[in-house]
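Heads up, the thing below is written out as structure tokens.
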Amino acid sequence: MQVLNTIDAVREWRAGSESVGLVPTMGNLHAGHLALVAAARERCDRVIASIFVNPLQFGPNEDLATYPRTFDADRAALAHAGADAVFVPSVDEMYPEGGSATTVDVSGITEMLCGRSRPGHFRGVATVVNKLFNIVQPDAAFFGEKDYQQLAVIKRMVADLCMDVAVEGVPTVRDADGLAYSSRNNYLDNAQRRQALALSAAIADVVERLAAGQRDFRALEARGWAQLVDGGFDPDYFEIRAADLGPAERDTSSFRVLAAGHLGRTRLIDNMGVSV
Ligand code: PAF
């Protein structure tokens, strides 16, 4: 597997007519990321992952400085998973002017859910993903459904800007006990790791009730919120939405239940879908 550190090197690697799949990551790879590589491997002739902890998507009080950086293990995992190349640019390579005067704002779906407590986060994500698309020129790009709102934002950006990239969502990978894989799980101590299960459990409980026909959305959201509090979380949101993140209605046929909350200083998110 080739390790590429510059935009020029990626463009040279990209040349040719074979299809290319891109797996954008911030590193500290886990089974969720490797499922993205597997999906890309299945669909494309060549697979490139990127590892870049993107400063533009972190707020001033967030974990940019402490975000886990584990390049040697990531490189080994990607090679084992069958990636052909990994793009690992420096901050200077991506933002030579120190930032980006040009940014991408996807309005409408970025102000809700995670966007409410992380203003500017999705601008940072959309901007860096746009740059990665311009650099790699992938035929397809692969994102986890664990970051469901991020996936929706990227799909919307690609549609609105007529970008020639197929955006593929890959189902969330969970540990045996139900906790979704996340790099931020590494921040949890043993007690918090046990408490973290309340997140997937509360969402699964509400999904089950929706599947059984319950439609009192506000009461179900309050129930999910209370389960998070009982489990030790400081909840950020617990919401039932339509699969496209529009409002849930009584006749909605595909729901998404999304939640976020803090355990100590660690913010975790998760979501599940249900079609009825
Ligand atoms: O999901 C992530 O790891 C990041 O938000 C992404 C898509 C790599 C952009 O920095």
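Labeling convention for the structure tokens: chains A, B, ... as they appear, residues from 1 per chain, ligands from 1 in order of appearance.
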Nearby polymer residues, ligand 1, at most 8 Å, only C-alpha atoms and all ligand atoms, as a list in words: Val23, Pro24, Thr25, Met26, Gly27, Ser50, Ile51, Phe52, Val53, Asn54, Gln57, Gly124, Val125, Ala126, Val128, Val129, Phe143, Gly144, Asp147 and Gln150 of chain A
Please produce a file of the residues just selected, as a tab-separated table (two decimals), in the first residue's frame, where the atoms kept are all heavy atoms.
chain	number	residue	atom	x	y	z
A	23	VAL	N	-12.22	6.48	0.84
A	23	VAL	CA	-12.71	6.33	2.21
A	23	VAL	C	-12.08	7.45	3.06
A	23	VAL	O	-10.95	7.30	3.52
A	23	VAL	CB	-12.36	4.94	2.79
A	23	VAL	CG1	-12.84	4.83	4.24
A	23	VAL	CG2	-12.96	3.83	1.94
A	24	PRO	N	-12.81	8.56	3.25
A	24	PRO	CA	-12.23	9.65	4.05
A	24	PRO	C	-12.31	9.32	5.54
A	24	PRO	O	-13.38	8.90	6.01
A	24	PRO	CB	-13.13	10.87	3.74
A	24	PRO	CG	-13.99	10.45	2.59
A	24	PRO	CD	-14.09	8.96	2.67
A	25	THR	N	-11.23	9.49	6.28
A	25	THR	CA	-11.24	9.24	7.73
A	25	THR	C	-10.38	10.28	8.43
A	25	THR	O	-9.60	11.01	7.80
A	25	THR	CB	-10.66	7.84	8.10
A	25	THR	OG1	-9.23	7.92	8.14
A	25	THR	CG2	-11.09	6.76	7.13
A	26	MET	N	-10.50	10.28	9.75
A	26	MET	CA	-9.58	11.08	10.56
A	26	MET	C	-8.62	10.15	11.31
A	26	MET	O	-7.99	10.56	12.29
A	26	MET	CB	-10.36	11.97	11.54
A	26	MET	CG	-11.26	12.97	10.81
A	26	MET	SD	-11.67	14.44	11.77
A	26	MET	CE	-12.49	13.71	13.17
A	27	GLY	N	-8.51	8.90	10.86
A	27	GLY	CA	-7.59	7.96	11.49
A	27	GLY	C	-8.16	7.33	12.74
A	27	GLY	O	-9.37	7.37	12.97
A	50	SER	N	-8.18	8.27	3.20
A	50	SER	CA	-7.44	9.45	3.63
A	50	SER	C	-7.47	9.49	5.15
A	50	SER	O	-8.44	9.06	5.77
A	50	SER	CB	-8.03	10.73	3.04
A	50	SER	OG	-9.36	10.90	3.45
A	51	ILE	N	-6.38	9.98	5.71
A	51	ILE	CA	-6.31	10.19	7.17
A	51	ILE	C	-5.92	11.64	7.36
A	51	ILE	O	-4.80	12.06	7.00
A	51	ILE	CB	-5.25	9.27	7.82
A	51	ILE	CG1	-5.64	7.80	7.66
A	51	ILE	CG2	-5.10	9.63	9.30
A	51	ILE	CD1	-4.63	6.82	8.24
A	52	PHE	N	-6.86	12.42	7.88
A	52	PHE	CA	-6.58	13.85	8.10
A	52	PHE	C	-7.49	14.34	9.22
A	52	PHE	O	-8.72	14.32	9.07
A	52	PHE	CB	-6.83	14.65	6.81
A	52	PHE	CG	-6.56	16.12	6.97
A	52	PHE	CD1	-5.29	16.58	7.31
A	52	PHE	CD2	-7.58	17.06	6.79
A	52	PHE	CE1	-5.04	17.94	7.48
A	52	PHE	CE2	-7.34	18.42	6.95
A	52	PHE	CZ	-6.06	18.86	7.30
A	53	VAL	N	-6.89	14.74	10.32
A	53	VAL	CA	-7.66	15.31	11.42
A	53	VAL	C	-7.87	16.78	11.06
A	53	VAL	O	-6.97	17.61	11.16
A	53	VAL	CB	-6.93	15.14	12.78
A	53	VAL	CG1	-7.79	15.68	13.92
A	53	VAL	CG2	-6.62	13.66	13.03
A	54	ASN	N	-9.08	17.06	10.61
A	54	ASN	CA	-9.38	18.33	9.93
A	54	ASN	C	-9.70	19.45	10.93
A	54	ASN	O	-10.80	19.48	11.50
A	54	ASN	CB	-10.60	18.07	9.02
A	54	ASN	CG	-11.14	19.33	8.40
A	54	ASN	OD1	-10.38	20.24	8.06
A	54	ASN	ND2	-12.46	19.39	8.25
A	57	GLN	N	-13.23	21.40	11.25
A	57	GLN	CA	-14.50	20.87	11.74
A	57	GLN	C	-14.56	20.74	13.26
A	57	GLN	O	-15.52	20.21	13.79
A	57	GLN	CB	-14.82	19.54	11.07
A	57	GLN	CG	-13.93	18.36	11.46
A	57	GLN	CD	-14.21	17.14	10.61
A	57	GLN	OE1	-13.84	17.09	9.43
A	57	GLN	NE2	-14.86	16.12	11.17
A	124	GLY	N	-17.04	22.72	8.17
A	124	GLY	CA	-15.69	22.15	8.12
A	124	GLY	C	-15.68	20.80	7.43
A	124	GLY	O	-14.79	20.51	6.62
A	125	VAL	N	-16.68	19.98	7.72
A	125	VAL	CA	-16.75	18.65	7.09
A	125	VAL	C	-16.98	18.80	5.59
A	125	VAL	O	-16.27	18.19	4.77
A	125	VAL	CB	-17.89	17.81	7.73
A	125	VAL	CG1	-18.13	16.54	6.92
A	125	VAL	CG2	-17.58	17.47	9.18
A	126	ALA	N	-18.00	19.59	5.21
A	126	ALA	CA	-18.33	19.71	3.78
A	126	ALA	C	-17.15	20.31	3.01
A	126	ALA	O	-16.85	19.89	1.89
A	126	ALA	CB	-19.58	20.58	3.61
A	128	VAL	N	-13.85	20.14	3.74
A	128	VAL	CA	-12.72	19.22	3.56
A	128	VAL	C	-13.10	18.06	2.64
A	128	VAL	O	-12.28	17.59	1.85
A	128	VAL	CB	-12.16	18.72	4.92
A	128	VAL	CG1	-12.98	17.59	5.51
A	128	VAL	CG2	-10.71	18.29	4.77
A	129	VAL	N	-14.35	17.60	2.72
A	129	VAL	CA	-14.76	16.50	1.84
A	129	VAL	C	-14.77	16.99	0.39
A	129	VAL	O	-14.33	16.28	-0.53
A	129	VAL	CB	-16.12	15.92	2.27
A	129	VAL	CG1	-16.68	14.96	1.23
A	129	VAL	CG2	-15.98	15.20	3.62
A	143	PHE	N	-19.05	6.47	3.43
A	143	PHE	CA	-19.20	7.11	4.74
A	143	PHE	C	-20.08	6.23	5.61
A	143	PHE	O	-21.03	5.61	5.13
A	143	PHE	CB	-19.86	8.49	4.60
A	143	PHE	CG	-19.05	9.46	3.78
A	143	PHE	CD1	-19.19	9.50	2.39
A	143	PHE	CD2	-18.13	10.31	4.39
A	143	PHE	CE1	-18.44	10.38	1.62
A	143	PHE	CE2	-17.37	11.20	3.63
A	143	PHE	CZ	-17.53	11.23	2.24
A	144	GLY	N	-19.79	6.22	6.92
A	144	GLY	CA	-20.57	5.39	7.83
A	144	GLY	C	-21.92	6.02	8.18
A	144	GLY	O	-22.02	7.23	8.36
A	147	ASP	N	-22.48	8.34	11.43
A	147	ASP	CA	-22.57	9.81	11.33
A	147	ASP	C	-23.65	10.12	10.29
A	147	ASP	O	-23.36	10.58	9.18
A	147	ASP	CB	-21.21	10.39	10.92
A	147	ASP	CG	-20.16	10.17	11.99
A	147	ASP	OD1	-20.31	10.74	13.08
A	147	ASP	OD2	-19.22	9.41	11.74
A	150	GLN	N	-24.00	13.66	8.94
A	150	GLN	CA	-22.86	13.96	8.05
A	150	GLN	C	-23.09	13.35	6.67
A	150	GLN	O	-22.86	14.00	5.64
A	150	GLN	CB	-21.58	13.41	8.67
A	150	GLN	CG	-20.38	13.39	7.74
A	150	GLN	CD	-19.10	12.98	8.44
A	150	GLN	OE1	-18.53	13.79	9.14
A	150	GLN	NE2	-18.65	11.75	8.26
Residues flagged alpha helix (DSSP H) by DSSP in stretch 104-242 of chain A, as a PyMOL selection string: chain A and resi 114-117+121-136+148-160+190-195+197-211+217-230
Selection near A:Val10, 12 Å with only C-alpha atoms, sequence-local residues under 6 positions removed, as an MDAnalysis selection string: chainID A and resid 2:4 20 22 47:50 84:89 132:138
Go ahead and save the residues from that selection, with N, CA, C and O atoms, as a PDB file, in the first residue's frame.
ATOM      1  N   GLN A   2       0.525   2.164  -0.889  1.00  0.00           N
ATOM      2  CA  GLN A   2       1.318   3.397  -0.982  1.00  0.00           C
ATOM      3  C   GLN A   2       0.843   4.434   0.041  1.00  0.00           C
ATOM      4  O   GLN A   2      -0.364   4.597   0.254  1.00  0.00           O
ATOM      5  N   VAL A   3       1.803   5.130   0.635  1.00  0.00           N
ATOM      6  CA  VAL A   3       1.478   6.237   1.533  1.00  0.00           C
ATOM      7  C   VAL A   3       1.801   7.532   0.780  1.00  0.00           C
ATOM      8  O   VAL A   3       2.940   7.746   0.350  1.00  0.00           O
ATOM      9  N   LEU A   4       0.787   8.358   0.590  1.00  0.00           N
ATOM     10  CA  LEU A   4       0.937   9.583  -0.210  1.00  0.00           C
ATOM     11  C   LEU A   4       0.723  10.786   0.709  1.00  0.00           C
ATOM     12  O   LEU A   4      -0.284  10.849   1.427  1.00  0.00           O
ATOM     13  N   VAL A  20     -12.122   4.451  -8.896  1.00  0.00           N
ATOM     14  CA  VAL A  20     -11.455   4.685  -7.607  1.00  0.00           C
ATOM     15  C   VAL A  20     -12.501   4.951  -6.528  1.00  0.00           C
ATOM     16  O   VAL A  20     -13.417   5.757  -6.714  1.00  0.00           O
ATOM     17  N   LEU A  22     -13.017   6.216  -2.575  1.00  0.00           N
ATOM     18  CA  LEU A  22     -12.359   6.994  -1.518  1.00  0.00           C
ATOM     19  C   LEU A  22     -13.034   6.723  -0.175  1.00  0.00           C
ATOM     20  O   LEU A  22     -14.272   6.758  -0.076  1.00  0.00           O
ATOM     21  N   VAL A  47      -8.713   1.427  -4.292  1.00  0.00           N
ATOM     22  CA  VAL A  47      -9.254   2.053  -3.076  1.00  0.00           C
ATOM     23  C   VAL A  47      -8.184   2.920  -2.428  1.00  0.00           C
ATOM     24  O   VAL A  47      -7.051   2.469  -2.213  1.00  0.00           O
ATOM     25  N   ILE A  48      -8.565   4.147  -2.129  1.00  0.00           N
ATOM     26  CA  ILE A  48      -7.677   5.038  -1.387  1.00  0.00           C
ATOM     27  C   ILE A  48      -8.419   5.538  -0.151  1.00  0.00           C
ATOM     28  O   ILE A  48      -9.592   5.941  -0.244  1.00  0.00           O
ATOM     29  N   ALA A  49      -7.754   5.463   0.996  1.00  0.00           N
ATOM     30  CA  ALA A  49      -8.308   6.061   2.218  1.00  0.00           C
ATOM     31  C   ALA A  49      -7.570   7.373   2.455  1.00  0.00           C
ATOM     32  O   ALA A  49      -6.463   7.573   1.936  1.00  0.00           O
ATOM     33  N   SER A  50      -8.176   8.268   3.196  1.00  0.00           N
ATOM     34  CA  SER A  50      -7.435   9.449   3.635  1.00  0.00           C
ATOM     35  C   SER A  50      -7.469   9.493   5.150  1.00  0.00           C
ATOM     36  O   SER A  50      -8.436   9.055   5.773  1.00  0.00           O
ATOM     37  N   ASP A  84      -5.350   0.312  -1.470  1.00  0.00           N
ATOM     38  CA  ASP A  84      -4.182   0.421  -2.355  1.00  0.00           C
ATOM     39  C   ASP A  84      -3.292   1.590  -1.980  1.00  0.00           C
ATOM     40  O   ASP A  84      -2.100   1.601  -2.284  1.00  0.00           O
ATOM     41  N   ALA A  85      -3.904   2.607  -1.378  1.00  0.00           N
ATOM     42  CA  ALA A  85      -3.128   3.809  -1.027  1.00  0.00           C
ATOM     43  C   ALA A  85      -3.806   4.509   0.138  1.00  0.00           C
ATOM     44  O   ALA A  85      -5.008   4.323   0.393  1.00  0.00           O
ATOM     45  N   VAL A  86      -3.004   5.303   0.849  1.00  0.00           N
ATOM     46  CA  VAL A  86      -3.579   6.168   1.880  1.00  0.00           C
ATOM     47  C   VAL A  86      -2.970   7.559   1.715  1.00  0.00           C
ATOM     48  O   VAL A  86      -1.764   7.706   1.509  1.00  0.00           O
ATOM     49  N   PHE A  87      -3.852   8.553   1.747  1.00  0.00           N
ATOM     50  CA  PHE A  87      -3.438   9.954   1.624  1.00  0.00           C
ATOM     51  C   PHE A  87      -3.371  10.527   3.036  1.00  0.00           C
ATOM     52  O   PHE A  87      -4.383  10.544   3.751  1.00  0.00           O
ATOM     53  N   VAL A  88      -2.177  10.964   3.427  1.00  0.00           N
ATOM     54  CA  VAL A  88      -1.980  11.490   4.786  1.00  0.00           C
ATOM     55  C   VAL A  88      -1.337  12.873   4.675  1.00  0.00           C
ATOM     56  O   VAL A  88      -0.114  13.026   4.818  1.00  0.00           O
ATOM     57  N   PRO A  89      -2.142  13.892   4.380  1.00  0.00           N
ATOM     58  CA  PRO A  89      -1.559  15.219   4.188  1.00  0.00           C
ATOM     59  C   PRO A  89      -1.297  15.912   5.531  1.00  0.00           C
ATOM     60  O   PRO A  89      -1.921  15.593   6.534  1.00  0.00           O
ATOM     61  N   LEU A 132     -11.229  16.942  -0.678  1.00  0.00           N
ATOM     62  CA  LEU A 132     -10.761  15.568  -0.928  1.00  0.00           C
ATOM     63  C   LEU A 132     -11.314  15.043  -2.251  1.00  0.00           C
ATOM     64  O   LEU A 132     -10.605  14.364  -3.011  1.00  0.00           O
ATOM     65  N   PHE A 133     -12.576  15.374  -2.543  1.00  0.00           N
ATOM     66  CA  PHE A 133     -13.158  14.948  -3.826  1.00  0.00           C
ATOM     67  C   PHE A 133     -12.395  15.599  -4.988  1.00  0.00           C
ATOM     68  O   PHE A 133     -12.138  14.966  -6.007  1.00  0.00           O
ATOM     69  N   ASN A 134     -12.060  16.862  -4.846  1.00  0.00           N
ATOM     70  CA  ASN A 134     -11.327  17.552  -5.918  1.00  0.00           C
ATOM     71  C   ASN A 134      -9.921  16.984  -6.101  1.00  0.00           C
ATOM     72  O   ASN A 134      -9.393  16.940  -7.212  1.00  0.00           O
ATOM     73  N   ILE A 135      -9.322  16.563  -5.004  1.00  0.00           N
ATOM     74  CA  ILE A 135      -7.952  16.026  -5.070  1.00  0.00           C
ATOM     75  C   ILE A 135      -7.947  14.617  -5.654  1.00  0.00           C
ATOM     76  O   ILE A 135      -7.189  14.308  -6.568  1.00  0.00           O
ATOM     77  N   VAL A 136      -8.838  13.759  -5.133  1.00  0.00           N
ATOM     78  CA  VAL A 136      -8.814  12.332  -5.505  1.00  0.00           C
ATOM     79  C   VAL A 136      -9.624  12.062  -6.769  1.00  0.00           C
ATOM     80  O   VAL A 136      -9.331  11.132  -7.509  1.00  0.00           O
ATOM     81  N   GLN A 137     -10.670  12.868  -7.008  1.00  0.00           N
ATOM     82  CA  GLN A 137     -11.589  12.608  -8.125  1.00  0.00           C
ATOM     83  C   GLN A 137     -12.115  11.172  -8.076  1.00  0.00           C
ATOM     84  O   GLN A 137     -11.993  10.414  -9.053  1.00  0.00           O
ATOM     85  N   PRO A 138     -12.699  10.792  -6.936  1.00  0.00           N
ATOM     86  CA  PRO A 138     -13.166   9.391  -6.830  1.00  0.00           C
ATOM     87  C   PRO A 138     -14.438   9.164  -7.626  1.00  0.00           C
ATOM     88  O   PRO A 138     -15.213  10.097  -7.862  1.00  0.00           O
TER      89      PRO A 138
END
Residue with smallest distance to A:Arg14 - pool A:Arg46, A:His33, A:Lys155, A:Arg241, counting only C-alpha atoms: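 Of A:Arg46, A:His33, A:Lys155, A:Arg241, the one nearest A:Arg14 is A:Arg46, counting only C-alpha atoms.
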Å distance separating atom CA of A:Tyr148 from atom CA of A:Ala38, one decimal place: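 Here the two named atoms are 19.1 Å from each other.
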Surrounding residues of A:Asp45 excluding itself and chain neighbours under 6 positions, 9 Å, only C-alpha atoms, as JSON, numbers by chain: {"A": [18, 19, 20, 21]}
Residue nearest A:Ser100 - candidates A:Ala248, A:Ala83, A:Leu56, A:Met157, atoms counted: only C-alpha atoms: A:Leu56
Those in stretch 34-240 of chain A with strand (DSSP E or B) from DSSP, as JSON, numbers by chain: {"A": [46, 47, 48, 49, 50, 51, 85, 86, 87, 140, 141, 142, 143, 144, 166, 167, 168, 169, 170, 174, 180, 234, 235, 236, 237, 238, 239, 240]}
Once you have the residues from the selection above, write them out as a PDB file, in the first residue's frame, restricted to N, CA and C atoms.
ATOM      1  N   ARG A  46      -9.823   0.400  -7.536  1.00  0.00           N
ATOM      2  CA  ARG A  46      -8.743   0.805  -6.620  1.00  0.00           C
ATOM      3  C   ARG A  46      -9.343   1.587  -5.455  1.00  0.00           C
ATOM      4  N   VAL A  47      -8.713   1.427  -4.292  1.00  0.00           N
ATOM      5  CA  VAL A  47      -9.254   2.053  -3.076  1.00  0.00           C
ATOM      6  C   VAL A  47      -8.184   2.920  -2.428  1.00  0.00           C
ATOM      7  N   ILE A  48      -8.565   4.147  -2.129  1.00  0.00           N
ATOM      8  CA  ILE A  48      -7.677   5.038  -1.387  1.00  0.00           C
ATOM      9  C   ILE A  48      -8.419   5.538  -0.151  1.00  0.00           C
ATOM     10  N   ALA A  49      -7.754   5.463   0.996  1.00  0.00           N
ATOM     11  CA  ALA A  49      -8.308   6.061   2.218  1.00  0.00           C
ATOM     12  C   ALA A  49      -7.570   7.373   2.455  1.00  0.00           C
ATOM     13  N   SER A  50      -8.176   8.268   3.196  1.00  0.00           N
ATOM     14  CA  SER A  50      -7.435   9.449   3.635  1.00  0.00           C
ATOM     15  C   SER A  50      -7.469   9.493   5.150  1.00  0.00           C
ATOM     16  N   ILE A  51      -6.382   9.977   5.712  1.00  0.00           N
ATOM     17  CA  ILE A  51      -6.308  10.190   7.168  1.00  0.00           C
ATOM     18  C   ILE A  51      -5.916  11.639   7.363  1.00  0.00           C
ATOM     19  N   ALA A  85      -3.904   2.607  -1.378  1.00  0.00           N
ATOM     20  CA  ALA A  85      -3.128   3.809  -1.027  1.00  0.00           C
ATOM     21  C   ALA A  85      -3.806   4.509   0.138  1.00  0.00           C
ATOM     22  N   VAL A  86      -3.004   5.303   0.849  1.00  0.00           N
ATOM     23  CA  VAL A  86      -3.579   6.168   1.880  1.00  0.00           C
ATOM     24  C   VAL A  86      -2.970   7.559   1.715  1.00  0.00           C
ATOM     25  N   PHE A  87      -3.852   8.553   1.747  1.00  0.00           N
ATOM     26  CA  PHE A  87      -3.438   9.954   1.624  1.00  0.00           C
ATOM     27  C   PHE A  87      -3.371  10.527   3.036  1.00  0.00           C
ATOM     28  N   ALA A 140     -16.555   6.870  -6.389  1.00  0.00           N
ATOM     29  CA  ALA A 140     -17.470   6.661  -5.264  1.00  0.00           C
ATOM     30  C   ALA A 140     -16.734   6.982  -3.969  1.00  0.00           C
ATOM     31  N   ALA A 141     -17.501   7.446  -2.974  1.00  0.00           N
ATOM     32  CA  ALA A 141     -16.914   7.725  -1.661  1.00  0.00           C
ATOM     33  C   ALA A 141     -17.796   7.093  -0.602  1.00  0.00           C
ATOM     34  N   PHE A 142     -17.192   6.608   0.470  1.00  0.00           N
ATOM     35  CA  PHE A 142     -17.875   5.738   1.432  1.00  0.00           C
ATOM     36  C   PHE A 142     -17.853   6.368   2.824  1.00  0.00           C
ATOM     37  N   PHE A 143     -19.050   6.474   3.427  1.00  0.00           N
ATOM     38  CA  PHE A 143     -19.198   7.111   4.745  1.00  0.00           C
ATOM     39  C   PHE A 143     -20.084   6.227   5.613  1.00  0.00           C
ATOM     40  N   GLY A 144     -19.794   6.218   6.916  1.00  0.00           N
ATOM     41  CA  GLY A 144     -20.574   5.390   7.834  1.00  0.00           C
ATOM     42  C   GLY A 144     -21.915   6.021   8.184  1.00  0.00           C
ATOM     43  N   ALA A 166     -20.449   9.081  -6.525  1.00  0.00           N
ATOM     44  CA  ALA A 166     -21.526   8.318  -5.859  1.00  0.00           C
ATOM     45  C   ALA A 166     -21.200   8.265  -4.369  1.00  0.00           C
ATOM     46  N   VAL A 167     -22.124   8.749  -3.550  1.00  0.00           N
ATOM     47  CA  VAL A 167     -21.894   8.740  -2.099  1.00  0.00           C
ATOM     48  C   VAL A 167     -22.601   7.521  -1.513  1.00  0.00           C
ATOM     49  N   GLU A 168     -21.819   6.637  -0.910  1.00  0.00           N
ATOM     50  CA  GLU A 168     -22.366   5.374  -0.393  1.00  0.00           C
ATOM     51  C   GLU A 168     -22.358   5.380   1.133  1.00  0.00           C
ATOM     52  N   GLY A 169     -23.518   5.139   1.715  1.00  0.00           N
ATOM     53  CA  GLY A 169     -23.606   4.987   3.165  1.00  0.00           C
ATOM     54  C   GLY A 169     -23.433   3.526   3.540  1.00  0.00           C
ATOM     55  N   VAL A 170     -22.656   3.282   4.583  1.00  0.00           N
ATOM     56  CA  VAL A 170     -22.377   1.905   5.013  1.00  0.00           C
ATOM     57  C   VAL A 170     -22.918   1.738   6.439  1.00  0.00           C
ATOM     58  N   ARG A 174     -21.183  -2.388  15.131  1.00  0.00           N
ATOM     59  CA  ARG A 174     -21.336  -2.323  16.589  1.00  0.00           C
ATOM     60  C   ARG A 174     -20.514  -3.398  17.275  1.00  0.00           C
ATOM     61  N   ALA A 180     -21.914   1.377  19.247  1.00  0.00           N
ATOM     62  CA  ALA A 180     -21.357   1.665  17.913  1.00  0.00           C
ATOM     63  C   ALA A 180     -19.869   1.966  18.034  1.00  0.00           C
ATOM     64  N   ASP A 234     -25.416  13.125  29.943  1.00  0.00           N
ATOM     65  CA  ASP A 234     -25.956  14.481  29.872  1.00  0.00           C
ATOM     66  C   ASP A 234     -26.396  14.625  28.405  1.00  0.00           C
ATOM     67  N   PRO A 235     -27.697  14.428  28.122  1.00  0.00           N
ATOM     68  CA  PRO A 235     -28.125  14.344  26.716  1.00  0.00           C
ATOM     69  C   PRO A 235     -28.012  15.677  25.978  1.00  0.00           C
ATOM     70  N   ASP A 236     -27.715  15.568  24.705  1.00  0.00           N
ATOM     71  CA  ASP A 236     -27.666  16.742  23.833  1.00  0.00           C
ATOM     72  C   ASP A 236     -28.982  16.796  23.034  1.00  0.00           C
ATOM     73  N   TYR A 237     -29.332  15.671  22.418  1.00  0.00           N
ATOM     74  CA  TYR A 237     -30.636  15.571  21.756  1.00  0.00           C
ATOM     75  C   TYR A 237     -31.056  14.108  21.690  1.00  0.00           C
ATOM     76  N   PHE A 238     -32.360  13.914  21.580  1.00  0.00           N
ATOM     77  CA  PHE A 238     -32.925  12.583  21.292  1.00  0.00           C
ATOM     78  C   PHE A 238     -34.102  12.863  20.369  1.00  0.00           C
ATOM     79  N   GLU A 239     -33.970  12.549  19.101  1.00  0.00           N
ATOM     80  CA  GLU A 239     -35.000  12.977  18.141  1.00  0.00           C
ATOM     81  C   GLU A 239     -35.411  11.839  17.221  1.00  0.00           C
ATOM     82  N   ILE A 240     -36.707  11.863  16.893  1.00  0.00           N
ATOM     83  CA  ILE A 240     -37.234  10.949  15.871  1.00  0.00           C
ATOM     84  C   ILE A 240     -37.465  11.790  14.627  1.00  0.00           C
TER      85      ILE A 240
END
